[in-house]
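Before any comments, here is the structure.
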Amino acid sequence: MRNEGRKGRPEPVGRVLAGLLEQLGLKQRLAERRLLEAWPQIVGEKIARHSRAVDLAGGVLILRADHGAWKQELTLLLPQIIALYNERFGAGTVREVRWDRQAPWFRRRDNRG
């Protein structure tokens, strides 16, 4: 890929990659993925061991928890979680949080059930 204003010099790889992601429509999904991967930094390692952010679409963050008690705890923390995400990734990035209706995403680690 060349930039005609640069008189034939090669483009920096980062710029080429950013342009390619934009052309393929993947730039938004990559940004969403970064947001999901930030879950442990947003809520802390202890909470992240029992929950995770599984999707983000249209400002709606989808969460899962391994137990109802963690779901309840996180529900109380949702205003702070939304504020932390928006502070880190930009206003309006997360507007709403919903709970995933699927089964928990991991088994209990203590062999009690």
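Order determines the names: the first chain of the structure tokens is A, the second B, and so forth; residues in each chain are numbered 1 upward, and ligands are numbered 1 upward as they are shown.
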
Which residues come within 7 Å of stretch 84-100 of chain A, counting only C-alpha atoms, excluding same-chain residues fewer than 2 positions away, as JSON, numbers by chain? {"A": [42, 59, 60, 61, 62, 63, 64, 80, 81, 82, 102]}

Please identify the strand (DSSP E) residues within stretch 27-63 of chain A (assignment by DSSP from backbone atoms) and present them as a PyMOL selection string. chain A and resi 51-57+60-63

Please give the complete set of residues from stretch 27-70 of chain A that DSSP, run on the backbone, assigns to alpha helix (DSSP H), formatted as a CSV table (one decimal) with C-alpha atoms, in the first residue's frame.
chain,number,residue,atom,x,y,z
A,27,LYS,CA,-12.0,-2.1,13.6
A,28,GLN,CA,-15.2,-1.9,15.8
A,29,ARG,CA,-15.0,-5.6,16.8
A,30,LEU,CA,-11.4,-5.2,17.7
A,31,ALA,CA,-12.2,-2.3,20.0
A,32,GLU,CA,-15.0,-4.3,21.6
A,33,ARG,CA,-12.6,-7.2,22.1
A,34,ARG,CA,-10.2,-4.9,24.0
A,35,LEU,CA,-13.1,-3.8,26.2
A,36,LEU,CA,-14.0,-7.4,27.0
A,37,GLU,CA,-10.4,-8.2,27.8
A,39,TRP,CA,-12.8,-6.9,32.6
A,40,PRO,CA,-10.3,-8.0,35.3
A,41,GLN,CA,-8.8,-4.5,35.4
A,42,ILE,CA,-12.3,-2.9,35.7
A,43,VAL,CA,-13.7,-5.2,38.4
A,45,GLU,CA,-9.1,-10.1,39.9
A,46,LYS,CA,-11.3,-11.6,42.7
A,47,ILE,CA,-14.5,-10.7,40.9
A,48,ALA,CA,-13.1,-11.6,37.5
A,68,GLY,CA,-26.2,-16.2,41.8
A,69,ALA,CA,-24.4,-14.5,44.7
A,70,TRP,CA,-21.8,-13.1,42.3

Could you check how far atom CA of A:Arg101 sits from atom CA of A:Val54, in Å to one decimal? 11.5 Å

Between A:Ala83, A:Arg9, A:Ala38, A:His50, which one has atoms that come closest to A:Lys71, using only C-alpha atoms?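 Using only C-alpha atoms, A:Lys71 sits closest to A:His50.
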
Could you state the separation of atom CA of A:Gly58 and atom CA of A:Leu78 in Å, given to one decimal place? 17.3 Å

What is the distance between atom CA of A:Val16 and atom CA of A:Ala57, in Å to one decimal?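 These atoms are spaced 26.1 Å apart.
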